[in-house]
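Next comes run_4.txt, with compact mmCIF, C-alpha atoms and all ligand atoms.
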```
# COMPACT_ATOMS: atom_id res chain seq x y z
CA MET A 1 112.66 82.44 137.53
CA ALA A 2 109.75 84.20 138.99
CA THR A 3 108.82 87.59 137.74
CA LEU A 4 107.60 90.69 139.47
CA THR A 5 104.20 91.16 137.90
CA ARG A 6 102.57 94.37 136.83
CA LYS A 7 99.58 93.26 138.83
CA LEU A 8 101.60 93.21 142.02
CA LEU A 9 103.04 96.66 141.27
CA SER A 10 99.72 98.23 140.48
CA SER A 11 97.99 96.66 143.43
CA TYR A 12 100.73 98.17 145.58
CA ASP A 13 100.09 101.54 143.96
CA SER A 14 96.38 101.46 144.55
CA ARG A 15 96.63 100.25 148.13
CA LEU A 16 99.14 103.00 148.87
CA ALA A 17 96.90 105.59 147.22
CA THR A 18 93.98 104.45 149.38
CA LEU A 19 96.01 104.93 152.56
CA GLU A 20 97.23 108.34 151.40
CA GLY A 21 93.67 109.40 150.64
CA ALA A 22 92.45 108.21 154.03
CA ALA A 23 95.21 110.17 155.80
CA TYR A 24 94.29 113.28 153.84
CA ASP A 25 90.59 112.96 154.64
CA TYR A 26 91.28 112.26 158.28
CA ALA A 27 93.59 115.23 158.91
CA SER A 28 91.77 117.79 156.77
CA GLY A 29 88.36 116.63 158.04
CA ARG A 30 89.30 116.91 161.69
CA VAL A 31 90.89 120.32 161.24
CA SER A 32 87.85 121.70 159.36
CA ALA A 33 85.47 120.31 161.95
CA PHE A 34 87.49 121.90 164.74
CA LEU A 35 87.55 125.29 163.02
CA ALA A 36 83.81 125.15 162.41
CA GLU A 37 83.02 124.15 165.97
CA PHE A 38 85.37 126.62 167.67
CA PRO A 39 85.39 129.82 165.62
CA LYS A 40 86.88 131.71 168.56
CA ALA A 41 89.84 129.39 169.10
CA THR A 42 93.22 131.09 169.51
CA ALA A 43 96.08 130.60 167.06
CA GLU A 44 97.86 128.43 169.59
CA GLN A 45 94.80 126.21 170.06
CA VAL A 46 94.31 125.81 166.33
CA ARG A 47 97.98 125.01 165.83
CA GLU A 48 98.14 122.43 168.60
CA PHE A 49 94.96 120.75 167.41
CA ALA A 50 96.19 120.61 163.81
CA ILE A 51 99.58 119.17 164.78
CA GLY A 52 97.77 116.49 166.76
CA ALA A 53 95.42 115.73 163.86
CA VAL A 54 98.26 115.34 161.32
CA ASP A 55 100.32 113.23 163.73
CA ALA A 56 97.33 111.01 164.37
CA ALA A 57 96.67 110.57 160.65
CA VAL A 58 100.29 109.66 159.97
CA SER A 59 100.38 107.09 162.75
CA ALA A 60 97.01 105.66 161.80
CA TYR A 61 97.86 105.15 158.10
CA GLY A 62 101.66 105.38 157.93
CA ASP A 63 102.21 101.99 159.53
CA GLY A 64 99.94 100.45 156.94
CA ALA A 65 101.93 102.15 154.19
CA SER A 66 105.28 100.91 155.43
CA GLY A 67 103.69 97.50 155.96
CA ILE A 68 102.61 97.13 152.32
CA ALA A 69 105.99 98.48 151.16
CA ALA A 70 107.73 95.81 153.24
CA GLU A 71 105.41 93.23 151.73
CA LEU A 72 106.22 94.36 148.19
CA TYR A 73 109.91 94.27 149.02
CA GLU A 74 109.68 90.70 150.21
CA GLY A 75 107.64 89.84 147.13
CA MET A 76 110.44 91.21 144.96
CA ALA A 77 113.05 89.19 146.81
CA GLU A 78 110.95 86.12 146.21
CA ALA A 79 110.53 86.98 142.54
CA ALA A 80 114.30 87.20 142.25
CA GLY A 81 114.71 83.91 144.09
CA ARG A 82 116.65 85.69 146.83
CA ARG A 83 116.55 84.94 150.51
CA VAL A 84 116.67 88.08 152.58
CA LYS A 85 116.10 88.88 156.23
CA SER A 86 112.58 90.13 156.88
CA ALA A 87 112.07 93.60 155.58
CA LEU A 88 112.70 96.51 157.90
CA ILE A 89 109.90 98.96 158.58
CA ASP A 90 110.52 102.67 158.60
CA THR A 91 109.73 103.98 162.07
CA SER A 92 111.42 107.36 161.91
CA ASP A 93 109.87 110.01 164.10
CA VAL A 94 108.49 112.82 161.97
CA SER A 95 106.66 114.78 164.67
CA GLY A 96 109.26 117.56 164.63
CA TYR A 97 108.83 117.93 160.91
CA VAL A 98 105.04 117.88 161.14
CA GLU A 99 105.10 120.56 163.83
CA ARG A 100 107.26 122.89 161.73
CA GLU A 101 105.12 122.40 158.67
CA VAL A 102 101.86 123.05 160.50
CA ARG A 103 103.30 126.20 162.10
CA TYR A 104 104.24 127.40 158.64
CA GLN A 105 100.85 126.58 157.11
CA LEU A 106 99.03 128.35 159.93
CA ARG A 107 99.60 131.59 157.94
CA LYS A 108 96.69 130.53 155.77
CA TRP A 109 94.30 130.35 158.72
CA LEU A 110 95.62 133.67 160.07
CA ALA A 111 94.88 135.22 156.66
CA GLY A 112 91.30 133.97 156.88
CA ASP A 113 91.69 130.94 154.60
CA SER A 114 90.41 128.19 156.91
CA GLU A 115 89.73 125.80 154.06
CA GLY A 116 93.23 126.26 152.61
CA PHE A 117 94.73 125.54 156.01
CA ALA A 118 92.68 122.35 156.48
CA GLU A 119 93.66 121.18 152.99
CA ALA A 120 97.34 121.87 153.68
CA CYS A 121 97.13 119.76 156.84
CA GLY A 122 95.56 116.93 154.83
CA LYS A 123 98.32 117.22 152.23
CA LYS A 124 101.06 117.04 154.89
CA ALA A 125 99.53 113.88 156.33
CA LYS A 126 99.26 112.32 152.87
CA ASP A 127 102.88 113.18 152.02
CA GLN A 128 104.14 111.64 155.22
CA VAL A 129 102.24 108.42 154.58
CA GLN A 130 103.78 108.18 151.14
CA ARG A 131 107.20 108.97 152.55
CA ARG A 132 106.83 106.09 155.02
CA ALA A 133 106.35 103.65 152.17
CA ASN A 134 109.21 105.02 150.07
CA GLN A 135 111.52 105.15 153.06
CA THR A 136 110.75 101.54 153.90
CA MET A 137 111.73 100.53 150.38
CA ARG A 138 114.87 102.60 150.62
CA ILE A 139 116.22 101.28 153.90
CA ASN A 140 115.74 97.70 152.82
CA ALA A 141 117.29 98.32 149.42
CA LYS A 142 120.25 99.91 151.14
CA ARG A 143 120.62 97.04 153.57
CA ASP A 144 120.69 94.52 150.73
CA GLY A 145 122.73 96.64 148.29
CA LEU A 146 120.01 96.91 145.66
CA ARG A 147 120.16 99.16 142.65
CA TYR A 148 117.30 101.11 141.12
CA ALA A 149 115.70 101.12 137.72
CA ARG A 150 113.25 103.49 136.05
CA VAL A 151 110.40 101.38 134.78
CA PRO A 152 108.01 103.03 132.31
CA MET A 153 104.43 102.10 133.17
CA GLY A 154 102.13 104.17 131.02
CA GLY A 155 101.59 104.26 127.28
CA GLU A 156 103.55 107.46 126.86
CA THR A 157 107.28 107.81 127.36
CA CYS A 158 109.82 110.46 126.50
CA THR A 159 113.37 110.16 125.20
CA PHE A 160 114.85 110.93 128.60
CA CYS A 161 112.79 108.31 130.44
CA ALA A 162 113.68 105.78 127.73
CA MET A 163 117.36 106.54 128.26
CA LEU A 164 117.05 106.07 132.03
CA ALA A 165 115.02 102.89 131.53
CA SER A 166 117.59 101.43 129.13
CA ASN A 167 120.12 101.04 131.93
CA GLY A 168 118.09 98.51 133.89
CA PHE A 169 118.83 98.09 137.61
CA TYR A 170 121.85 100.34 137.46
CA TYR A 171 121.25 103.36 139.66
CA LYS A 172 122.73 103.47 143.14
CA SER A 173 119.97 105.67 144.42
CA ALA A 174 116.33 106.20 143.65
CA LYS A 175 117.15 109.84 143.06
CA MET A 176 119.61 109.01 140.30
CA ALA A 177 116.87 107.10 138.52
CA GLY A 178 114.77 110.26 138.68
CA GLU A 179 112.40 109.28 141.47
CA GLY A 180 109.69 111.86 142.01
CA ASN A 181 110.34 113.47 138.65
CA HIS A 182 107.86 113.40 135.81
CA TYR A 183 109.80 114.14 132.67
CA HIS A 184 106.85 114.26 130.32
CA GLU A 185 103.11 114.63 130.33
CA ASN A 186 101.40 111.55 131.75
CA CYS A 187 104.76 110.20 132.97
CA ARG A 188 103.88 107.24 135.13
CA CYS A 189 107.40 105.85 135.16
CA LYS A 190 108.15 104.11 138.42
CA VAL A 191 111.50 103.93 140.15
CA ILE A 192 111.92 100.57 141.82
CA PRO A 193 114.82 98.82 143.51
CA GLY A 194 115.74 95.47 142.10
CA PHE A 195 117.65 92.37 143.04
CA ASP A 196 120.21 90.96 140.69
CA GLY A 197 118.39 88.84 138.16
CA MET A 198 115.00 90.16 139.10
CA GLU A 199 112.68 90.45 136.17
CA VAL A 200 109.83 92.88 135.97
CA GLU A 201 106.96 91.89 133.78
CA GLY A 202 106.98 93.91 130.57
CA TYR A 203 110.25 95.65 131.40
CA ASP A 204 113.26 94.78 129.27
CA PRO A 205 116.19 97.23 129.41
CA ASP A 206 117.48 96.01 126.03
CA GLU A 207 114.16 96.87 124.46
CA TRP A 208 114.35 100.29 126.05
CA LEU A 209 117.79 100.74 124.57
CA ALA A 210 116.34 100.11 121.11
CA ARG A 211 113.45 102.46 121.85
CA TRP A 212 115.80 105.15 123.10
CA GLY A 213 117.66 105.03 119.78
CA ALA A 214 114.41 105.20 117.84
CA TYR A 215 113.16 108.10 119.98
CA GLN A 216 116.35 110.03 119.28
CA ASP A 217 115.84 109.48 115.57
CA LEU A 218 112.23 110.65 115.87
CA ASP A 219 113.39 113.77 117.73
CA GLY A 220 115.71 114.66 114.85
CA MET A 221 113.24 114.21 112.01
CA GLY A 222 111.54 117.61 112.19
CA LEU A 223 108.20 115.96 112.99
CA THR A 224 105.23 117.74 114.47
CA GLU A 225 104.85 117.30 118.19
CA GLU A 226 101.64 115.31 117.80
CA ALA A 227 103.19 112.86 115.35
CA ARG A 228 106.33 112.44 117.43
CA LYS A 229 104.31 111.72 120.55
CA ALA A 230 102.06 109.26 118.74
CA ALA A 231 105.06 107.37 117.34
CA LYS A 232 106.74 107.15 120.74
CA GLN A 233 103.52 105.97 122.27
CA ALA A 234 103.09 103.28 119.64
CA LEU A 235 106.66 102.10 120.16
CA SER A 236 106.47 102.13 123.92
CA VAL A 237 103.97 99.28 123.86
CA ALA A 238 105.12 97.39 120.75
CA ALA A 239 108.28 95.29 120.74
CA PRO A 240 110.89 97.61 119.20
CA THR A 241 111.88 95.41 116.28
CA ALA A 242 113.59 97.05 113.29
CA LYS A 243 110.37 96.61 111.37
CA ALA A 244 108.18 98.16 114.07
CA ILE A 245 110.58 101.11 114.39
CA GLU A 246 110.55 101.71 110.63
CA ALA A 247 106.75 101.51 110.57
CA ALA A 248 106.44 103.98 113.44
CA LYS A 249 108.82 106.40 111.72
CA GLU A 250 106.95 106.14 108.44
CA ALA A 251 103.59 106.72 110.12
CA ALA A 252 105.06 109.72 111.94
CA ARG A 253 106.42 111.13 108.68
CA GLN A 254 103.01 110.81 107.00
CA GLN A 255 101.14 112.31 109.94
CA SER A 256 103.61 115.19 110.22
CA ALA A 257 103.55 115.98 106.51
CA THR A 258 99.75 116.13 106.62
CA GLU A 259 99.76 118.35 109.70
CA ILE A 260 102.49 120.63 108.35
CA ALA A 261 100.67 120.90 105.00
CA ALA A 262 97.41 121.82 106.73
CA ARG A 263 99.15 124.51 108.78
CA SER A 264 100.96 125.87 105.78
CA ILE A 265 97.75 126.11 103.78
CA ALA A 266 95.97 127.79 106.66
CA LYS A 267 98.75 130.38 106.65
CA ALA A 268 98.32 130.93 102.89
CA VAL A 269 94.56 131.25 103.31
CA ARG A 270 95.05 134.10 105.77
CA GLN A 271 97.00 136.04 103.10
CA GLU A 272 95.08 134.97 100.04
CA THR A 273 92.17 137.45 100.05
CA ASP A 274 94.40 140.52 100.15
CA VAL A 275 96.85 139.22 97.57
CA THR A 276 94.11 138.16 95.16
CA LYS A 277 92.44 141.55 95.49
CA ALA A 278 95.71 143.38 94.84
CA LEU A 279 96.58 141.26 91.79
CA GLN A 280 93.06 141.51 90.36
CA SER A 281 93.23 145.29 90.64
CA LEU A 282 96.28 145.20 88.34
CA GLU A 283 94.60 143.28 85.52
CA SER A 284 94.26 145.20 82.25
CA ASP A 285 93.48 144.77 78.54
CA THR A 286 96.89 143.19 77.99
CA ARG A 287 97.08 140.89 81.02
CA HIS A 288 94.80 138.80 83.20
CA LEU A 289 95.11 136.25 85.97
CA GLU A 290 94.93 132.76 84.54
CA GLY A 291 94.00 129.64 86.56
CA LEU A 292 92.97 131.72 89.55
CA ASN A 293 90.99 128.79 90.96
CA PHE A 294 94.22 126.92 91.50
CA ARG A 295 95.94 129.66 93.49
CA LEU A 296 96.05 127.45 96.61
CA LYS A 297 97.92 124.17 96.55
CA GLY A 298 95.85 121.18 97.67
CA GLU A 299 96.63 119.74 101.09
CA GLY A 300 97.26 116.22 99.80
CA SER A 301 99.61 117.27 97.05
CA LEU A 302 101.47 119.61 99.38
CA ALA A 303 101.91 116.80 101.92
CA ARG A 304 103.26 114.53 99.18
CA LYS A 305 105.64 117.23 98.03
CA ILE A 306 106.93 117.81 101.56
CA LEU A 307 107.60 114.07 101.89
CA SER A 308 109.33 113.71 98.53
CA ASP A 309 111.41 116.89 98.88
CA SER A 310 112.51 115.80 102.33
CA ALA A 311 113.55 112.41 100.95
CA ASP A 312 115.18 113.76 97.76
CA LYS A 313 117.06 116.63 99.36
CA GLY A 314 117.79 115.04 102.71
CA LEU A 315 115.90 117.77 104.57
CA ARG A 316 113.90 117.56 107.77
CA LEU A 317 110.17 117.71 107.04
CA SER A 318 109.83 121.16 108.55
CA GLU A 319 112.75 122.43 106.45
CA ALA A 320 111.32 120.89 103.29
CA ALA A 321 107.99 122.60 104.03
CA ASP A 322 109.68 125.97 104.64
CA ALA A 323 111.44 125.72 101.28
CA ILE A 324 108.14 125.35 99.40
CA THR A 325 107.10 128.88 98.46
CA ASP A 326 104.35 128.17 95.96
CA VAL A 327 101.62 127.14 98.36
CA LEU A 328 99.98 130.34 97.14
CA ARG A 329 100.69 131.01 93.48
CA TYR A 330 99.34 133.14 90.64
CA THR A 331 99.93 133.49 86.94
CA TYR A 332 99.53 136.57 84.78
CA GLN A 333 98.95 135.75 81.16
CA CYS A 334 100.17 138.72 79.11
CA ASP A 335 100.15 139.65 75.46
CA THR A 336 103.46 138.77 73.86
CA ASP A 337 104.14 142.33 72.79
CA THR A 338 103.52 143.85 76.22
CA LEU A 339 104.73 141.17 78.64
CA ALA A 340 107.92 143.05 79.54
CA SER A 341 106.16 146.35 80.16
CA ASP A 342 103.32 144.55 82.00
CA PHE A 343 105.94 143.05 84.29
CA PHE A 344 107.47 146.42 85.12
CA GLU A 345 104.09 148.07 85.71
CA ILE A 346 102.95 145.32 88.04
CA ARG A 347 106.23 145.29 89.85
CA GLU A 348 106.12 149.00 90.51
CA GLN A 349 102.49 149.04 91.58
CA LEU A 350 102.90 146.11 93.93
CA GLU A 351 105.93 147.82 95.46
CA ASP A 352 103.76 150.86 96.06
CA LEU A 353 101.34 148.60 97.94
CA GLY A 354 104.18 147.44 100.22
CA TYR A 355 105.06 144.21 98.42
CA ASP A 356 108.70 143.18 98.03
CA TRP A 357 110.24 141.43 95.05
CA VAL A 358 112.42 138.56 96.32
CA LYS A 359 113.41 136.66 93.20
CA VAL A 360 112.93 136.77 89.43
CA LYS A 361 113.84 133.78 87.30
CA ASN A 362 113.44 134.49 83.62
CA SER A 363 113.80 131.70 81.05
CA LEU A 364 111.22 133.08 78.64
CA GLY A 365 113.90 134.70 76.49
CA ASP A 366 115.94 131.50 76.24
CA ALA A 367 114.79 129.67 73.09
CA THR A 368 116.74 126.53 74.07
CA ALA A 369 115.18 126.09 77.53
CA PRO A 370 112.57 123.30 77.92
CA TYR A 371 110.68 125.47 80.42
CA ARG A 372 110.01 129.01 79.33
CA GLY A 373 108.40 131.55 81.66
CA VAL A 374 109.09 134.25 84.23
CA ASN A 375 108.83 132.84 87.75
CA THR A 376 109.00 135.32 90.59
CA LYS A 377 108.78 135.24 94.38
CA VAL A 378 107.02 138.13 96.04
CA LYS A 379 106.62 138.99 99.71
CA THR A 380 103.40 140.48 101.05
CA PRO A 381 103.54 143.44 103.44
CA ASP A 382 103.16 140.79 106.22
CA GLY A 383 106.31 139.05 104.99
CA TYR A 384 104.51 136.07 103.43
CA GLU A 385 106.17 134.70 100.30
CA PHE A 386 104.12 133.57 97.29
CA GLU A 387 104.83 132.73 93.68
CA LEU A 388 103.87 134.90 90.74
CA GLN A 389 104.45 133.73 87.16
CA PHE A 390 104.31 135.67 83.91
CA HIS A 391 103.46 133.87 80.70
CA THR A 392 102.26 134.44 77.20
CA ALA A 393 99.35 132.31 75.96
CA GLU A 394 101.89 130.20 74.08
CA SER A 395 104.33 129.68 76.91
CA LEU A 396 101.48 128.71 79.22
CA GLU A 397 100.19 126.15 76.76
CA VAL A 398 103.68 124.65 76.35
CA LYS A 399 104.15 124.64 80.13
CA GLU A 400 101.09 122.44 80.53
CA MET A 401 101.99 120.20 77.62
CA ASN A 402 105.56 119.75 78.76
CA HIS A 403 104.49 119.16 82.32
CA ARG A 404 102.65 116.03 81.26
CA LEU A 405 105.71 114.84 79.33
CA TYR A 406 107.92 115.61 82.29
CA GLU A 407 105.68 113.50 84.54
CA GLU A 408 106.13 110.60 82.17
CA GLN A 409 109.88 111.19 81.95
CA ARG A 410 110.29 111.38 85.71
CA VAL A 411 109.21 107.78 86.33
CA LEU A 412 111.10 106.17 83.46
CA ASP A 413 113.71 103.56 84.23
CA THR A 414 116.65 104.98 82.31
CA SER A 415 118.85 101.99 83.09
CA THR A 416 117.06 100.08 80.33
CA GLU A 417 117.68 100.84 76.68
CA ASP A 418 113.99 101.44 75.96
CA GLY A 419 113.67 103.70 78.97
CA LYS A 420 116.69 105.72 77.95
CA ALA A 421 115.42 106.07 74.37
CA ARG A 422 111.98 107.23 75.53
CA PHE A 423 113.62 109.67 77.93
CA ASP A 424 115.64 111.29 75.14
CA GLU A 425 112.63 111.35 72.85
CA LEU A 426 110.55 113.18 75.47
CA ALA A 427 113.38 115.65 76.09
CA ASP A 428 113.53 116.42 72.36
CA THR A 429 109.76 116.91 72.17
CA MET A 430 109.80 119.29 75.13
CA ALA A 431 112.65 121.31 73.67
CA SER A 432 110.98 121.54 70.29
CA ASN A 433 107.64 122.57 71.89
CA ALA A 434 109.40 125.32 73.82
CA SER A 435 111.49 126.57 70.93
CA GLY A 436 108.31 127.51 69.03
CA ILE A 437 107.27 130.11 71.63
CA ALA A 438 107.53 133.67 70.33
CA THR A 439 109.98 135.73 72.40
CA PRO A 440 108.43 138.91 73.87
CA PRO A 441 110.31 142.09 72.94
CA GLY A 442 112.47 143.52 75.72
CA ILE A 443 112.34 140.26 77.67
CA GLU A 444 116.08 140.41 78.47
CA LYS A 445 115.44 143.40 80.74
CA VAL A 446 113.07 141.37 82.96
CA ARG A 447 115.14 140.50 86.04
CA LEU A 448 115.35 141.44 89.70
ZN ZN B 501 108.47 108.89 132.12
```
Turn this file's structure into C-alpha cells for me.
Amino acid sequence: MATLTRKLLSSYDSRLATLEGAAYDYASGRVSAFLAEFPKATAEQVREFAIGAVDAAVSAYGDGASGIAAELYEGMAEAAGRRVKSALIDTSDVSGYVEREVRYQLRKWLAGDSEGFAEACGKKAKDQVQRRANQTMRINAKRDGLRYARVPMGGETCTFCAMLASNGFYYKSAKMAGEGNHYHENCRCKVIPGFDGMEVEGYDPDEWLARWGAYQDLDGMGLTEEARKAAKQALSVAAPTAKAIEAAKEAARQQSATEIAARSIAKAVRQETDVTKALQSLESDTRHLEGLNFRLKGEGSLARKILSDSADKGLRLSEAADAITDVLRYTYQCDTDTLASDFFEIREQLEDLGYDWVKVKNSLGDATAPYRGVNTKVKTPDGYEFELQFHTAESLEVKEMNHRLYEEQRVLDTSTEDGKARFDELADTMASNASGIATPPGIEKVRL
C-alpha cells in the first residue's frame, strides 16, 4: 500500500504558506500605498479601497490554496488506494465577512494607526486564503466520510497531543482532533483527514499509544521541566520500545536529580554566609566549629542521594530532595564536660537571633547506640532548614570511623554466610567503638 509521505505533507505546507504570504503582502501593500498617496481620503474611501484590496488578494491567492488542498486530498486517496470523485473546491463567498472585518479594523486607521490598519488587512487576506485550503479539505472529507487524526510533526510533543495521536484516524471532525490548537510550545501537530487504511509516513497510532503511557509516567515522576521535555522529545522520534522508554526515563531521572541538586545548593549558598557568621560568633573556649569547609554538600553527592532516596523510599525526586535537610550542615565540637551547657547557650542565643529549633535527636547519652551524637535541625529567620550537630572529640572520631565501617556493611551480600558473618562483625566493632565514648554530664536534658 502506498503511503502518504512527509515530503508531500511538508511541500503542501510550504506551498500554502507561500500563498498566504503573498496574499498578506498584496493586501497590506496596496492599503499602505493608498494611504500614503491619498492622505486626505475620507473614512468611506479608505474602507471601500481596503475591502476591495482584501477581496482581490483572496481571489488572487485563495483559488491556488484550494487547488493545492484538492491536490493533496487526491494524493491521499491515491495513497490509500481509494477511488474517489474529483475533489471539490471551496468556492464559498466570503465578501460579506471581509467587509465586516475591514469595517471593524478601520478603528485603527481612525485612531491614527495607518500601519496597524494595513497590517490587519493583510492578516485578514492571509487568514481567508488559509481558510480556503482547510475548507476544501473539510468538504471533501465530509463527502467521503473521512475521519481525522492528529499527527505530531515536530520533535516536541506533549502528553495531550500524544493521547490525541494515539487514536489514529478516529475523530469525526477536525475540531475534535484539536485543529488550530497548539497544546505545547513548538507544537507542529497537524490534523489531517484520512481514508481507511491510509498510512502516513512516520505516524503509527500504536506507537503513540506507547508514548502516551510513557509520557504519563514521566509526568508523575517529579522531574524537572527541562528533563521531562527532553525525555519526551527523545521518545517522540525514537521507536517507543520498552528499552527506549526505560532509557529515556533513566536519563530524565539523572538530569532532574542534577538540576534539583544544583538548585538546592544554590538555595543553601544564599543562606550560608549569614548562618556561618552567626555560628562562628558563638564559638568559645569550650566549643568550635569542626569541618567548616564541608558545610555545603557537593552537587554530585547530593544528586546521588536524591536518586537513591527516591528509589529506596519510593518518593518522587522532588519529594526526596525536599526531605534532605543537610545540604547545609555544621558541627560544634564541644568539651565533654560542657557539651550540655554549650548546647543550651547556643540554642538560646540562636533563638535570640530569630532562629527556630525544629528537631533535636540525642543519642550521645545512649552507650549502646552505634551512632552517638546530638543531631539537630534549625530554621533560619528566612525559614531555611539546616543541620547542626554537637559532638565531643571522641564521638566525632567514632562517627568517622564507624561511617567507613557502615559503608562497607551497606554493600555486603548478607544472603551468603561470609557476608552475614562480616556484617555481624562490623556491627560489633561499631558498637564497641561507640560504647567507649565518655558520656557528657547532663546529656539527658538535651532535647527539644
Ligand atoms: Zn502537539
task: Select, from A:Phe423, A:Tyr183, A:Trp357, A:Tyr406, the residue with the minimum atom-to-atom distance to ligand ZN 501 (chain B), counting only C-alpha atoms and all ligand atoms.
output: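 Closest to ligand ZN 501 (chain B), using only C-alpha atoms and all ligand atoms: A:Tyr183.
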message: Show me which residues are within 10 Å of ligand ZN 501 (chain B) counting only C-alpha atoms and all ligand atoms, and format the list as a ChimeraX atom specification.
response: /A:150-165,178,181-191
message: Neighbouring residues of Asp382 of chain A were defined as those with any atom within 12 Å, considering all atoms listed in the file; residues of the same chain fewer than 4 positions away were excluded. Please report them as a PyMOL selection string.
response: chain A and resi 267-268+270-272+274-275+353-356+378+386
message: When you look at segment 171-175 of chain A with a cut-off of 7 Å (counting only C-alpha atoms), what residues show up, excluding the ones that are within fewer than 5 positions of it in the same chain? I need them as a list in words.
response: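 Here the answer would be Arg147, Tyr148, Ala149 and Val191 of chain A.
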Test item: residues at most 9 Å from Arg253 of chain A, only C-alpha atoms, excluding those fewer than 2 positions along its chain, as a PyMOL selection string: chain A and resi 221-224+227-228+248-251+255-258+307+317
task: Rank nothing, just name the residue among A:Thr414, A:Gln254, A:Thr331, A:Ala278 nearest to Ala303 of chain A, using all atoms listed in the file.
output: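 Under the stated criterion, the closest residue is A:Gln254.
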- request: Go through A:Val360, A:Ala231, A:Val200, A:Ala33 and flag the residue nearest Leu8 of chain A, using only C-alpha atoms for the distances.
  value: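 Among the listed residues, A:Val200 lies closest to Leu8 of chain A.
The shortest atom-to-atom distance to Arg47 of chain A, with all atoms listed in the file taken into account, belongs to A:Arg100 out of A:Arg295, A:Arg100, A:Lys313, A:Lys232.
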message: Please list as a PyMOL selection string every residue within 9 Å of Val129 of chain A, counting only C-alpha atoms and excluding residues in the same chain fewer than 6 positions away.
response: chain A and resi 16+19-20+23+57-59+61-66
I need the residues from that last selection saved to file as a PDB file, in the frame of the given file (with C-alpha atoms), if you can.
```pdb
ATOM      1  CA  LEU A  16      99.140 103.000 148.870  1.00  0.00           C
ATOM      2  CA  LEU A  19      96.010 104.930 152.560  1.00  0.00           C
ATOM      3  CA  GLU A  20      97.230 108.340 151.400  1.00  0.00           C
ATOM      4  CA  ALA A  23      95.210 110.170 155.800  1.00  0.00           C
ATOM      5  CA  ALA A  57      96.670 110.570 160.650  1.00  0.00           C
ATOM      6  CA  VAL A  58     100.290 109.660 159.970  1.00  0.00           C
ATOM      7  CA  SER A  59     100.380 107.090 162.750  1.00  0.00           C
ATOM      8  CA  TYR A  61      97.860 105.150 158.100  1.00  0.00           C
ATOM      9  CA  GLY A  62     101.660 105.380 157.930  1.00  0.00           C
ATOM     10  CA  ASP A  63     102.210 101.990 159.530  1.00  0.00           C
ATOM     11  CA  GLY A  64      99.940 100.450 156.940  1.00  0.00           C
ATOM     12  CA  ALA A  65     101.930 102.150 154.190  1.00  0.00           C
ATOM     13  CA  SER A  66     105.280 100.910 155.430  1.00  0.00           C
TER      14      SER A  66
END
```
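Using all atoms listed in the file, the smallest distance between any of A:Ser166, A:Val374, A:Ala43, A:Arg30 and Lys108 of chain A comes from A:Ala43.
Comparing A:Ala252, A:Val358, A:Ala234, A:Ala311 by their smallest distance to Leu218 of chain A, the closest is A:Ala252 (using all atoms listed in the file).
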Would you be able to write out as an mmCIF file with C-alpha atoms, in the coordinates of the input which residues have an atom within 9 Å of (111.5, 99.2, 151.7) in the file's coordinates, counting all atoms listed in the file?
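Dumped to point_33.cif:
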```cif
data_model
loop_
_atom_site.group_PDB
_atom_site.id
_atom_site.type_symbol
_atom_site.label_atom_id
_atom_site.label_comp_id
_atom_site.auth_asym_id
_atom_site.auth_seq_id
_atom_site.Cartn_x
_atom_site.Cartn_y
_atom_site.Cartn_z
ATOM 1 C CA SER A 66 105.280 100.910 155.430
ATOM 2 C CA ALA A 69 105.990 98.480 151.160
ATOM 3 C CA ALA A 70 107.730 95.810 153.240
ATOM 4 C CA GLU A 71 105.410 93.230 151.730
ATOM 5 C CA LEU A 72 106.220 94.360 148.190
ATOM 6 C CA TYR A 73 109.910 94.270 149.020
ATOM 7 C CA GLU A 74 109.680 90.700 150.210
ATOM 8 C CA ALA A 87 112.070 93.600 155.580
ATOM 9 C CA LEU A 88 112.700 96.510 157.900
ATOM 10 C CA ILE A 89 109.900 98.960 158.580
ATOM 11 C CA ASP A 90 110.520 102.670 158.600
ATOM 12 C CA ARG A 132 106.830 106.090 155.020
ATOM 13 C CA ALA A 133 106.350 103.650 152.170
ATOM 14 C CA ASN A 134 109.210 105.020 150.070
ATOM 15 C CA GLN A 135 111.520 105.150 153.060
ATOM 16 C CA THR A 136 110.750 101.540 153.900
ATOM 17 C CA MET A 137 111.730 100.530 150.380
ATOM 18 C CA ARG A 138 114.870 102.600 150.620
ATOM 19 C CA ILE A 139 116.220 101.280 153.900
ATOM 20 C CA ASN A 140 115.740 97.700 152.820
ATOM 21 C CA ALA A 141 117.290 98.320 149.420
ATOM 22 C CA LYS A 142 120.250 99.910 151.140
ATOM 23 C CA PRO A 193 114.820 98.820 143.510
#
```
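The space separating atom CA of Leu282 of chain A from atom CA of Glu444 of chain A comes to 22.6 Å.
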Produce the centre coordinates and the three edge lengths, each in Å to one decimal, of the box along x, y and z that contains all listed atoms of segment 91-99 of chain A with 6 Å added on each side, as AutoDock Vina command-line options.
```
--center_x 108.2 --center_y 112.3 --center_z 162.8 --size_x 18.4 --size_y 28.6 --size_z 15.8
```
